[in-house]
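Undergrad: Next up, entry-v1.cif (mmCIF, N, CA and C atoms).
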data_target
#
loop_
_atom_site.label_atom_id
_atom_site.label_comp_id
_atom_site.auth_asym_id
_atom_site.auth_seq_id
_atom_site.Cartn_x
_atom_site.Cartn_y
_atom_site.Cartn_z
N MET K 25 146.16 -18.21 64.96
CA MET K 25 145.76 -17.96 63.59
C MET K 25 145.30 -19.28 62.98
N ILE K 26 144.19 -19.23 62.28
CA ILE K 26 143.62 -20.40 61.62
C ILE K 26 143.68 -20.18 60.11
N MET K 27 144.14 -21.18 59.39
CA MET K 27 144.13 -21.19 57.93
C MET K 27 143.06 -22.20 57.51
N LYS K 28 142.32 -21.86 56.44
CA LYS K 28 141.22 -22.74 56.02
C LYS K 28 141.37 -23.09 54.54
N CYS K 29 141.22 -24.36 54.24
CA CYS K 29 141.25 -24.83 52.86
C CYS K 29 139.98 -24.38 52.15
N GLY K 30 140.15 -23.82 50.97
CA GLY K 30 139.01 -23.36 50.18
C GLY K 30 138.31 -24.47 49.42
N ASN K 31 138.83 -25.68 49.52
CA ASN K 31 138.20 -26.81 48.84
C ASN K 31 137.45 -27.71 49.82
N CYS K 32 138.18 -28.32 50.74
CA CYS K 32 137.55 -29.28 51.66
C CYS K 32 137.12 -28.64 52.98
N GLY K 33 137.55 -27.39 53.24
CA GLY K 33 137.15 -26.70 54.46
C GLY K 33 137.98 -27.05 55.68
N ALA K 34 139.03 -27.86 55.50
CA ALA K 34 139.88 -28.22 56.65
C ALA K 34 140.50 -26.95 57.23
N GLU K 35 140.53 -26.88 58.55
CA GLU K 35 141.12 -25.73 59.23
C GLU K 35 142.40 -26.17 59.92
N TYR K 36 143.42 -25.33 59.82
CA TYR K 36 144.73 -25.64 60.37
C TYR K 36 145.21 -24.51 61.27
N GLU K 37 145.66 -24.89 62.47
CA GLU K 37 146.41 -23.94 63.29
C GLU K 37 147.72 -23.68 62.54
N LEU K 38 148.36 -22.55 62.77
CA LEU K 38 149.57 -22.18 62.04
C LEU K 38 150.63 -23.28 62.09
N GLN K 39 150.86 -23.84 63.27
CA GLN K 39 151.90 -24.86 63.40
C GLN K 39 151.58 -26.12 62.58
N ASP K 40 150.30 -26.42 62.38
CA ASP K 40 149.90 -27.57 61.55
C ASP K 40 149.96 -27.22 60.07
N TRP K 41 149.58 -25.99 59.74
CA TRP K 41 149.59 -25.53 58.34
C TRP K 41 151.00 -25.58 57.77
N ILE K 42 152.00 -25.13 58.53
CA ILE K 42 153.36 -25.11 58.00
C ILE K 42 153.99 -26.50 57.93
N ARG K 43 153.30 -27.51 58.44
CA ARG K 43 153.75 -28.89 58.32
C ARG K 43 153.17 -29.58 57.07
N LEU K 44 152.26 -28.88 56.39
CA LEU K 44 151.70 -29.44 55.16
C LEU K 44 152.78 -29.51 54.08
N LYS K 45 152.49 -30.25 53.03
CA LYS K 45 153.43 -30.38 51.91
C LYS K 45 153.69 -29.00 51.31
N LYS K 46 154.97 -28.69 51.07
CA LYS K 46 155.39 -27.42 50.49
C LYS K 46 155.51 -27.61 48.97
N VAL K 47 154.87 -26.72 48.21
CA VAL K 47 154.87 -26.84 46.75
C VAL K 47 155.20 -25.49 46.12
N PRO K 48 155.74 -25.47 44.88
CA PRO K 48 156.00 -24.19 44.21
C PRO K 48 154.68 -23.43 44.00
N ARG K 49 154.72 -22.13 44.23
CA ARG K 49 153.54 -21.29 43.99
C ARG K 49 153.17 -21.31 42.50
N ASN K 50 154.19 -21.33 41.65
CA ASN K 50 153.98 -21.41 40.21
C ASN K 50 154.69 -22.68 39.72
N PRO K 51 153.93 -23.69 39.28
CA PRO K 51 154.55 -24.97 38.91
C PRO K 51 155.49 -24.89 37.71
N THR K 52 155.44 -23.80 36.94
CA THR K 52 156.34 -23.67 35.78
C THR K 52 157.67 -23.00 36.13
N ASP K 53 157.81 -22.53 37.37
CA ASP K 53 159.08 -21.91 37.77
C ASP K 53 160.21 -22.93 37.68
N VAL K 54 161.33 -22.53 37.10
CA VAL K 54 162.51 -23.38 37.04
C VAL K 54 163.20 -23.42 38.40
N SER K 55 163.20 -22.27 39.08
CA SER K 55 163.82 -22.17 40.40
C SER K 55 162.86 -21.46 41.35
N PRO K 56 161.90 -22.18 41.91
CA PRO K 56 160.86 -21.56 42.74
C PRO K 56 161.40 -20.70 43.88
N ALA K 57 162.52 -21.10 44.46
CA ALA K 57 163.05 -20.36 45.61
C ALA K 57 163.40 -18.91 45.25
N ILE K 58 163.78 -18.65 43.99
CA ILE K 58 164.13 -17.28 43.61
C ILE K 58 163.12 -16.67 42.64
N GLN K 59 162.09 -17.42 42.29
CA GLN K 59 161.05 -16.89 41.42
C GLN K 59 159.79 -16.60 42.25
N SER K 60 158.75 -17.40 42.11
CA SER K 60 157.48 -17.12 42.80
C SER K 60 157.42 -17.63 44.22
N GLY K 61 158.35 -18.49 44.59
CA GLY K 61 158.37 -19.02 45.95
C GLY K 61 157.51 -20.26 46.13
N TYR K 62 157.33 -20.62 47.38
CA TYR K 62 156.59 -21.83 47.74
C TYR K 62 155.36 -21.47 48.55
N THR K 63 154.43 -22.40 48.59
CA THR K 63 153.25 -22.30 49.42
C THR K 63 152.93 -23.71 49.93
N TYR K 64 151.81 -23.85 50.60
CA TYR K 64 151.45 -25.14 51.18
C TYR K 64 150.26 -25.75 50.46
N GLN K 65 150.21 -27.09 50.49
CA GLN K 65 149.14 -27.82 49.84
C GLN K 65 148.35 -28.62 50.87
N CYS K 66 147.04 -28.44 50.88
CA CYS K 66 146.17 -29.19 51.76
C CYS K 66 146.22 -30.66 51.37
N LYS K 67 145.83 -31.50 52.29
CA LYS K 67 145.80 -32.95 52.03
C LYS K 67 144.86 -33.31 50.88
N CYS K 68 143.88 -32.44 50.59
CA CYS K 68 142.94 -32.68 49.49
C CYS K 68 143.50 -32.25 48.14
N GLY K 69 144.65 -31.57 48.13
CA GLY K 69 145.27 -31.12 46.89
C GLY K 69 145.17 -29.62 46.65
N TYR K 70 144.34 -28.93 47.42
CA TYR K 70 144.17 -27.47 47.29
C TYR K 70 145.50 -26.78 47.60
N ILE K 71 145.90 -25.83 46.73
CA ILE K 71 147.15 -25.10 46.94
C ILE K 71 146.80 -23.71 47.46
N PHE K 72 147.24 -23.42 48.68
CA PHE K 72 146.96 -22.13 49.32
C PHE K 72 147.57 -20.99 48.50
N GLY K 73 146.80 -19.92 48.34
CA GLY K 73 147.25 -18.75 47.62
C GLY K 73 147.15 -18.87 46.11
N VAL K 74 146.91 -20.07 45.61
CA VAL K 74 146.83 -20.30 44.17
C VAL K 74 145.40 -20.67 43.77
N ASP K 75 144.82 -21.62 44.51
CA ASP K 75 143.51 -22.16 44.16
C ASP K 75 142.34 -21.41 44.79
N ARG K 76 142.61 -20.36 45.54
CA ARG K 76 141.52 -19.72 46.28
C ARG K 76 140.47 -19.11 45.35
N TRP K 77 139.24 -19.14 45.83
CA TRP K 77 138.08 -18.62 45.09
C TRP K 77 138.20 -17.11 44.98
N LYS K 78 137.90 -16.57 43.79
CA LYS K 78 137.91 -15.12 43.62
C LYS K 78 137.01 -14.69 42.46
N LEU K 79 136.53 -13.46 42.58
CA LEU K 79 135.78 -12.80 41.52
C LEU K 79 136.51 -11.50 41.19
N ARG K 80 136.59 -11.17 39.91
CA ARG K 80 137.21 -9.90 39.51
C ARG K 80 136.39 -9.31 38.38
N GLU K 81 136.11 -8.02 38.49
CA GLU K 81 135.40 -7.32 37.43
C GLU K 81 135.94 -5.90 37.35
N THR K 82 136.22 -5.45 36.12
CA THR K 82 136.73 -4.10 35.91
C THR K 82 135.60 -3.21 35.44
N VAL K 83 135.51 -2.02 36.04
CA VAL K 83 134.48 -1.04 35.71
C VAL K 83 135.19 0.27 35.36
N THR K 84 134.75 0.94 34.30
CA THR K 84 135.29 2.24 33.94
C THR K 84 134.41 3.31 34.59
N ILE K 85 135.05 4.22 35.34
CA ILE K 85 134.30 5.28 36.03
C ILE K 85 134.85 6.64 35.61
N PRO K 86 133.96 7.66 35.55
CA PRO K 86 134.42 9.01 35.23
C PRO K 86 135.01 9.69 36.47
N THR K 87 136.09 10.41 36.27
CA THR K 87 136.71 11.19 37.35
C THR K 87 137.11 12.55 36.79
N PRO K 88 137.42 13.50 37.64
CA PRO K 88 137.87 14.82 37.14
C PRO K 88 139.15 14.74 36.30
N ILE K 89 139.92 13.66 36.42
CA ILE K 89 141.14 13.52 35.61
C ILE K 89 140.91 12.62 34.40
N GLY K 90 139.65 12.31 34.12
CA GLY K 90 139.31 11.43 33.00
C GLY K 90 138.81 10.09 33.48
N ASP K 91 138.37 9.28 32.54
CA ASP K 91 137.87 7.95 32.88
C ASP K 91 139.03 7.08 33.37
N ILE K 92 138.75 6.30 34.41
CA ILE K 92 139.75 5.34 34.89
C ILE K 92 139.06 3.99 35.08
N ASN K 93 139.85 2.97 35.02
CA ASN K 93 139.35 1.62 35.30
C ASN K 93 139.63 1.30 36.75
N VAL K 94 138.64 0.69 37.40
CA VAL K 94 138.83 0.16 38.74
C VAL K 94 138.43 -1.31 38.71
N THR K 95 139.19 -2.11 39.39
CA THR K 95 138.89 -3.54 39.45
C THR K 95 138.29 -3.85 40.81
N VAL K 96 137.13 -4.47 40.80
CA VAL K 96 136.49 -4.94 42.03
C VAL K 96 136.94 -6.39 42.19
N SER K 97 137.64 -6.65 43.29
CA SER K 97 138.20 -7.97 43.53
C SER K 97 137.63 -8.52 44.84
N THR K 98 137.03 -9.69 44.74
CA THR K 98 136.48 -10.36 45.91
C THR K 98 137.13 -11.73 45.99
N SER K 99 137.63 -12.09 47.17
CA SER K 99 138.32 -13.36 47.28
C SER K 99 138.17 -14.00 48.65
N PHE K 100 138.42 -15.29 48.66
CA PHE K 100 138.49 -16.06 49.89
C PHE K 100 139.86 -15.80 50.50
N LEU K 101 139.89 -15.38 51.75
CA LEU K 101 141.14 -14.95 52.38
C LEU K 101 142.03 -16.10 52.84
N GLU K 102 141.47 -17.24 53.13
CA GLU K 102 142.18 -18.42 53.63
C GLU K 102 142.67 -18.27 55.06
N VAL K 103 142.65 -17.07 55.59
CA VAL K 103 143.10 -16.84 56.96
C VAL K 103 141.94 -16.25 57.77
N GLU K 104 141.80 -16.72 58.99
CA GLU K 104 140.70 -16.30 59.85
C GLU K 104 140.87 -14.85 60.28
N LEU K 105 139.83 -14.05 60.05
CA LEU K 105 139.78 -12.68 60.56
C LEU K 105 138.51 -12.54 61.38
N GLU K 106 138.59 -11.87 62.51
CA GLU K 106 137.40 -11.65 63.32
C GLU K 106 136.99 -10.20 63.27
N ASP K 107 135.70 -9.96 63.40
CA ASP K 107 135.17 -8.60 63.33
C ASP K 107 135.15 -7.89 64.67
N GLY K 108 135.71 -8.49 65.71
CA GLY K 108 135.70 -7.90 67.03
C GLY K 108 134.45 -8.25 67.83
N LYS K 109 133.50 -8.91 67.19
CA LYS K 109 132.25 -9.32 67.84
C LYS K 109 132.13 -10.84 67.88
N GLY K 110 133.22 -11.53 67.54
CA GLY K 110 133.21 -12.99 67.58
C GLY K 110 132.83 -13.66 66.28
N THR K 111 132.58 -12.88 65.22
CA THR K 111 132.24 -13.45 63.93
C THR K 111 133.50 -13.60 63.09
N THR K 112 133.71 -14.78 62.53
CA THR K 112 134.85 -15.02 61.66
C THR K 112 134.50 -14.63 60.23
N LEU K 113 135.36 -13.83 59.62
CA LEU K 113 135.16 -13.36 58.26
C LEU K 113 136.21 -13.99 57.35
N TRP K 114 135.77 -14.67 56.31
CA TRP K 114 136.68 -15.41 55.44
C TRP K 114 136.82 -14.81 54.05
N PHE K 115 136.03 -13.80 53.71
CA PHE K 115 136.01 -13.25 52.35
C PHE K 115 136.16 -11.73 52.42
N GLU K 116 136.66 -11.14 51.31
CA GLU K 116 136.90 -9.69 51.29
C GLU K 116 136.73 -9.15 49.88
N THR K 117 136.14 -7.94 49.79
CA THR K 117 136.04 -7.21 48.53
C THR K 117 136.85 -5.93 48.65
N VAL K 118 137.65 -5.63 47.64
CA VAL K 118 138.40 -4.38 47.57
C VAL K 118 138.23 -3.78 46.18
N ILE K 119 138.45 -2.47 46.08
CA ILE K 119 138.44 -1.76 44.80
C ILE K 119 139.87 -1.33 44.52
N ILE K 120 140.37 -1.69 43.34
CA ILE K 120 141.74 -1.38 42.97
C ILE K 120 141.74 -0.47 41.74
N PRO K 121 141.99 0.84 41.92
CA PRO K 121 142.09 1.74 40.76
C PRO K 121 143.32 1.41 39.92
N ASP K 122 143.23 1.65 38.60
CA ASP K 122 144.37 1.34 37.73
C ASP K 122 145.36 2.49 37.63
N THR K 123 145.14 3.54 38.38
CA THR K 123 146.04 4.69 38.35
C THR K 123 146.48 5.04 39.77
N PRO K 124 147.72 5.42 39.96
CA PRO K 124 148.16 5.81 41.30
C PRO K 124 147.58 7.14 41.75
N SER K 125 146.92 7.86 40.83
CA SER K 125 146.32 9.16 41.19
C SER K 125 145.10 9.02 42.08
N VAL K 126 144.45 7.86 42.02
CA VAL K 126 143.23 7.63 42.80
C VAL K 126 143.48 6.42 43.70
N GLU K 127 143.13 6.56 44.97
CA GLU K 127 143.31 5.48 45.93
C GLU K 127 141.95 5.06 46.48
N CYS K 128 141.87 3.84 46.93
CA CYS K 128 140.66 3.37 47.59
C CYS K 128 141.08 2.42 48.70
N TYR K 129 140.81 2.82 49.93
CA TYR K 129 141.23 2.03 51.09
C TYR K 129 140.09 1.26 51.73
N THR K 130 138.91 1.33 51.15
CA THR K 130 137.76 0.67 51.73
C THR K 130 137.74 -0.79 51.34
N CYS K 131 137.41 -1.64 52.31
CA CYS K 131 137.20 -3.05 52.00
C CYS K 131 135.96 -3.52 52.76
N TRP K 132 135.35 -4.54 52.24
CA TRP K 132 134.17 -5.13 52.86
C TRP K 132 134.51 -6.58 53.12
N ARG K 133 134.17 -7.06 54.29
CA ARG K 133 134.47 -8.45 54.65
C ARG K 133 133.18 -9.19 54.96
N TYR K 134 133.21 -10.50 54.67
CA TYR K 134 132.01 -11.33 54.76
C TYR K 134 132.32 -12.67 55.41
N ARG K 135 131.28 -13.27 55.93
CA ARG K 135 131.40 -14.57 56.58
C ARG K 135 131.29 -15.72 55.58
N THR K 136 130.41 -15.59 54.59
CA THR K 136 130.15 -16.70 53.66
C THR K 136 130.43 -16.31 52.21
N LYS K 137 130.58 -17.32 51.37
CA LYS K 137 130.78 -17.09 49.94
C LYS K 137 129.55 -16.41 49.33
N GLU K 138 128.37 -16.79 49.79
CA GLU K 138 127.14 -16.18 49.28
C GLU K 138 127.11 -14.69 49.60
N ASP K 139 127.47 -14.33 50.83
CA ASP K 139 127.52 -12.92 51.22
C ASP K 139 128.58 -12.18 50.39
N ALA K 140 129.71 -12.83 50.15
CA ALA K 140 130.79 -12.21 49.37
C ALA K 140 130.34 -11.97 47.93
N ARG K 141 129.69 -12.94 47.34
CA ARG K 141 129.21 -12.79 45.96
C ARG K 141 128.20 -11.63 45.87
N ALA K 142 127.26 -11.57 46.83
CA ALA K 142 126.26 -10.48 46.83
C ALA K 142 126.95 -9.13 47.07
N GLY K 143 127.92 -9.09 47.97
CA GLY K 143 128.66 -7.85 48.23
C GLY K 143 129.43 -7.40 47.01
N HIS K 144 130.05 -8.32 46.31
CA HIS K 144 130.79 -8.01 45.08
C HIS K 144 129.84 -7.38 44.05
N GLU K 145 128.71 -8.04 43.84
CA GLU K 145 127.73 -7.54 42.87
C GLU K 145 127.22 -6.16 43.26
N ARG K 146 127.03 -5.91 44.55
CA ARG K 146 126.58 -4.60 45.03
C ARG K 146 127.61 -3.52 44.73
N VAL K 147 128.88 -3.78 45.00
CA VAL K 147 129.94 -2.79 44.75
C VAL K 147 130.03 -2.49 43.26
N VAL K 148 129.99 -3.53 42.42
CA VAL K 148 130.04 -3.33 40.97
C VAL K 148 128.85 -2.49 40.52
N ARG K 149 127.65 -2.83 41.02
CA ARG K 149 126.44 -2.08 40.63
C ARG K 149 126.55 -0.61 41.02
N LEU K 150 126.99 -0.33 42.26
CA LEU K 150 127.09 1.06 42.70
C LEU K 150 128.10 1.85 41.86
N LEU K 151 129.19 1.21 41.50
CA LEU K 151 130.17 1.90 40.64
C LEU K 151 129.57 2.18 39.27
N LYS K 152 128.88 1.19 38.68
CA LYS K 152 128.27 1.37 37.36
C LYS K 152 127.18 2.43 37.38
N GLU K 153 126.48 2.56 38.51
CA GLU K 153 125.42 3.55 38.64
C GLU K 153 125.96 4.93 39.00
N GLY K 154 127.27 5.05 39.16
CA GLY K 154 127.88 6.34 39.49
C GLY K 154 127.69 6.73 40.94
N LYS K 155 127.40 5.79 41.80
CA LYS K 155 127.15 6.07 43.21
C LYS K 155 128.45 5.99 44.00
N PHE K 156 129.34 6.93 43.70
CA PHE K 156 130.60 7.04 44.41
C PHE K 156 131.02 8.50 44.40
N VAL K 157 131.90 8.85 45.27
CA VAL K 157 132.48 10.19 45.29
C VAL K 157 133.99 10.05 45.31
N ILE K 158 134.64 11.06 44.77
CA ILE K 158 136.09 11.09 44.83
C ILE K 158 136.47 12.34 45.61
N ASN K 159 137.16 12.15 46.71
CA ASN K 159 137.64 13.26 47.51
C ASN K 159 138.79 13.91 46.74
N PRO K 160 138.61 15.14 46.24
CA PRO K 160 139.65 15.74 45.40
C PRO K 160 140.92 16.12 46.15
N VAL K 161 140.87 16.21 47.47
CA VAL K 161 142.07 16.55 48.22
C VAL K 161 143.03 15.36 48.24
N ARG K 162 142.50 14.16 48.49
CA ARG K 162 143.33 12.95 48.55
C ARG K 162 143.09 12.04 47.36
N TRP K 163 142.16 12.38 46.48
CA TRP K 163 141.78 11.53 45.36
C TRP K 163 141.43 10.14 45.85
N GLU K 164 140.56 10.11 46.85
CA GLU K 164 140.15 8.84 47.43
C GLU K 164 138.74 8.52 46.99
N LEU K 165 138.54 7.31 46.48
CA LEU K 165 137.25 6.85 46.01
C LEU K 165 136.43 6.28 47.15
N LYS K 166 135.17 6.73 47.29
CA LYS K 166 134.26 6.20 48.32
C LYS K 166 132.91 5.95 47.69
N LEU K 167 132.31 4.80 48.02
CA LEU K 167 130.97 4.49 47.54
C LEU K 167 129.95 5.25 48.35
N LYS K 168 128.84 5.61 47.68
CA LYS K 168 127.70 6.20 48.38
C LYS K 168 126.79 5.08 48.84
N ALA K 169 125.92 5.37 49.75
CA ALA K 169 124.95 4.37 50.22
C ALA K 169 123.97 4.05 49.11
N ASP K 170 123.36 2.85 49.20
CA ASP K 170 122.33 2.44 48.22
C ASP K 170 121.22 3.44 48.16
#
Before we go any further, please render this structure as structure tokens.
TA:
Amino acid sequence: MIMKCGNCGAEYELQDWIRLKKVPRNPTDVSPAIQSGYTYQCKCGYIFGVDRWKLRETVTIPTPIGDINVTVSTSFLEVELEDGKGTTLWFETVIIPDTPSVECYTCWRYRTKEDARAGHERVVRLLKEGKFVINPVRWELKLKAD
């Protein structure tokens, strides 16, 4: 497993990553061990899980149970994922409905920040244009093709 710094791009094997400086996930915690916990800090100062790049946008969509808000979240994963074809994917977009009545299990993964930004904008656009379906049996949200 490879971990990658979102600032300087340094890549760490797991055994090297866990040797990095350990810092509180939330610097205002009085007792990090029982509050937000700890994470690791790259030599450049980047704090894993805290400083990672992300985009978030909430869109209101109509459903048979009324309008609901869904948040489109795109972020740098910090951990190496492969697509099975040898390509490393570092970014991911997911849709998070604000109600437990509707689920969305689809995610899109990307190699570069530019691809992730374009993918995020595409998902937001399709939702705003109403190009999605909701499976009424499972209440699962799925985007339609462009």
Undergrad: Would you kindly return, as a PyMOL selection string, each protein, DNA or RNA residue with an atom no farther than 6 Å from any atom of stretch 26-32 of chain K, considering only C-alpha atoms and excluding same-chain residues fewer than 5 positions away?
TA: chain K and resi 37+76+102-104
Undergrad: To verify the selection step, state as a ChimeraX atom specification which residues the PyMOL selection byres ((chain K and resi 156) around 7) yields on this input.
TA: /K:150-151,153-155,157-158,165-168
Undergrad: Give me the residues within 6 Å of K:Ser60 as a PDB file with N, CA and C atoms, in the coordinates of the input, counting all atoms listed in the file and dropping any in the same chain fewer than 3 places off.
TA:
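Below is the file that was written, out37.pdb:
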ATOM      1  N   ARG K  49     154.720 -22.130  44.230  1.00  0.00           N
ATOM      2  CA  ARG K  49     153.540 -21.290  43.990  1.00  0.00           C
ATOM      3  C   ARG K  49     153.170 -21.310  42.500  1.00  0.00           C
ATOM      4  N   ASN K  50     154.190 -21.330  41.650  1.00  0.00           N
ATOM      5  CA  ASN K  50     153.980 -21.410  40.210  1.00  0.00           C
ATOM      6  C   ASN K  50     154.690 -22.680  39.720  1.00  0.00           C
ATOM      7  N   SER K  55     163.200 -22.270  39.080  1.00  0.00           N
ATOM      8  CA  SER K  55     163.820 -22.170  40.400  1.00  0.00           C
ATOM      9  C   SER K  55     162.860 -21.460  41.350  1.00  0.00           C
ATOM     10  N   PRO K  56     161.900 -22.180  41.910  1.00  0.00           N
ATOM     11  CA  PRO K  56     160.860 -21.560  42.740  1.00  0.00           C
ATOM     12  C   PRO K  56     161.400 -20.700  43.880  1.00  0.00           C
ATOM     13  N   ALA K  57     162.520 -21.100  44.460  1.00  0.00           N
ATOM     14  CA  ALA K  57     163.050 -20.360  45.610  1.00  0.00           C
ATOM     15  C   ALA K  57     163.400 -18.910  45.250  1.00  0.00           C
TER      16      ALA K  57
END
Undergrad: Give the answer as one residue: which of K:Trp114, K:Glu106, K:Asp170, K:Ile85 has the shortest atom-to-atom distance to K:Gly33, using only C-alpha atoms?
TA: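 The answer is K:Trp114, which sits nearest to K:Gly33.
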Undergrad: When you look at K:Lys152 with a cut-off of 7 Å (counting only C-alpha atoms), what residues show up, excluding the ones that are within fewer than 3 positions of it in the same chain? I need them as JSON, numbers by chain.
TA: {"K": [83, 148, 149]}
Undergrad: Tell me which residues come within 9 Å of (138.2, 17.4, 42.2), as a ChimeraX atom specification, counting only C-alpha atoms in the file's coordinates.
TA: /K:87-89,158-161,163
Undergrad: Could I get stretch 71-79 of chain K rebuilt with all heavy atoms, written as a CSV table (one decimal), in the frame of the given file?
TA:
chain,number,residue,atom,x,y,z
K,71,ILE,N,145.9,-25.8,46.7
K,71,ILE,CA,147.2,-25.1,46.9
K,71,ILE,C,146.8,-23.7,47.5
K,71,ILE,O,146.2,-22.9,46.8
K,71,ILE,CB,148.0,-25.0,45.6
K,71,ILE,CG1,148.3,-26.4,45.2
K,71,ILE,CG2,149.2,-24.2,45.9
K,71,ILE,CD1,149.0,-26.5,43.8
K,72,PHE,N,147.2,-23.4,48.7
K,72,PHE,CA,147.0,-22.1,49.3
K,72,PHE,C,147.6,-21.0,48.5
K,72,PHE,O,148.7,-21.1,48.0
K,72,PHE,CB,147.5,-22.1,50.8
K,72,PHE,CG,146.7,-22.9,51.7
K,72,PHE,CD1,146.8,-24.3,51.9
K,72,PHE,CD2,145.7,-22.3,52.4
K,72,PHE,CE1,146.1,-25.0,52.7
K,72,PHE,CE2,144.9,-23.0,53.3
K,72,PHE,CZ,145.1,-24.4,53.5
K,73,GLY,N,146.8,-19.9,48.3
K,73,GLY,CA,147.2,-18.8,47.6
K,73,GLY,C,147.2,-18.9,46.1
K,73,GLY,O,147.3,-17.9,45.4
K,74,VAL,N,146.9,-20.1,45.6
K,74,VAL,CA,146.8,-20.3,44.2
K,74,VAL,C,145.4,-20.7,43.8
K,74,VAL,O,144.8,-20.1,42.8
K,74,VAL,CB,147.8,-21.4,43.7
K,74,VAL,CG1,147.6,-21.7,42.2
K,74,VAL,CG2,149.3,-21.0,44.0
K,75,ASP,N,144.8,-21.6,44.5
K,75,ASP,CA,143.5,-22.2,44.2
K,75,ASP,C,142.3,-21.4,44.8
K,75,ASP,O,141.2,-21.8,44.6
K,75,ASP,CB,143.4,-23.6,44.6
K,75,ASP,CG,144.4,-24.5,43.8
K,75,ASP,OD1,144.8,-24.1,42.7
K,75,ASP,OD2,144.7,-25.6,44.2
K,76,ARG,N,142.6,-20.4,45.5
K,76,ARG,CA,141.5,-19.7,46.3
K,76,ARG,C,140.5,-19.1,45.4
K,76,ARG,O,140.8,-18.6,44.3
K,76,ARG,CB,142.1,-18.7,47.3
K,76,ARG,CG,142.7,-17.5,46.6
K,76,ARG,CD,143.3,-16.6,47.7
K,76,ARG,NE,143.9,-15.4,47.1
K,76,ARG,CZ,143.9,-14.3,47.7
K,76,ARG,NH1,143.4,-14.1,48.9
K,76,ARG,NH2,144.4,-13.2,47.1
K,77,TRP,N,139.2,-19.1,45.8
K,77,TRP,CA,138.1,-18.6,45.1
K,77,TRP,C,138.2,-17.1,45.0
K,77,TRP,O,138.6,-16.4,45.9
K,77,TRP,CB,136.8,-19.0,45.8
K,77,TRP,CG,135.6,-18.5,45.3
K,77,TRP,CD1,134.8,-19.0,44.2
K,77,TRP,CD2,134.9,-17.2,45.6
K,77,TRP,NE1,133.7,-18.2,44.0
K,77,TRP,CE2,133.8,-17.1,44.8
K,77,TRP,CE3,135.2,-16.2,46.6
K,77,TRP,CZ2,132.9,-16.0,44.9
K,77,TRP,CZ3,134.3,-15.2,46.7
K,77,TRP,CH2,133.2,-15.1,45.8
K,78,LYS,N,137.9,-16.6,43.8
K,78,LYS,CA,137.9,-15.1,43.6
K,78,LYS,C,137.0,-14.7,42.5
K,78,LYS,O,136.8,-15.5,41.5
K,78,LYS,CB,139.3,-14.6,43.4
K,78,LYS,CG,140.1,-15.2,42.3
K,78,LYS,CD,141.6,-14.8,42.3
K,78,LYS,CE,142.5,-15.7,41.7
K,78,LYS,NZ,143.1,-16.7,42.4
K,79,LEU,N,136.5,-13.5,42.6
K,79,LEU,CA,135.8,-12.8,41.5
K,79,LEU,C,136.5,-11.5,41.2
K,79,LEU,O,137.0,-10.8,42.1
K,79,LEU,CB,134.4,-12.4,42.0
K,79,LEU,CG,133.4,-13.6,42.4
K,79,LEU,CD1,132.1,-13.0,43.0
K,79,LEU,CD2,133.1,-14.4,41.2
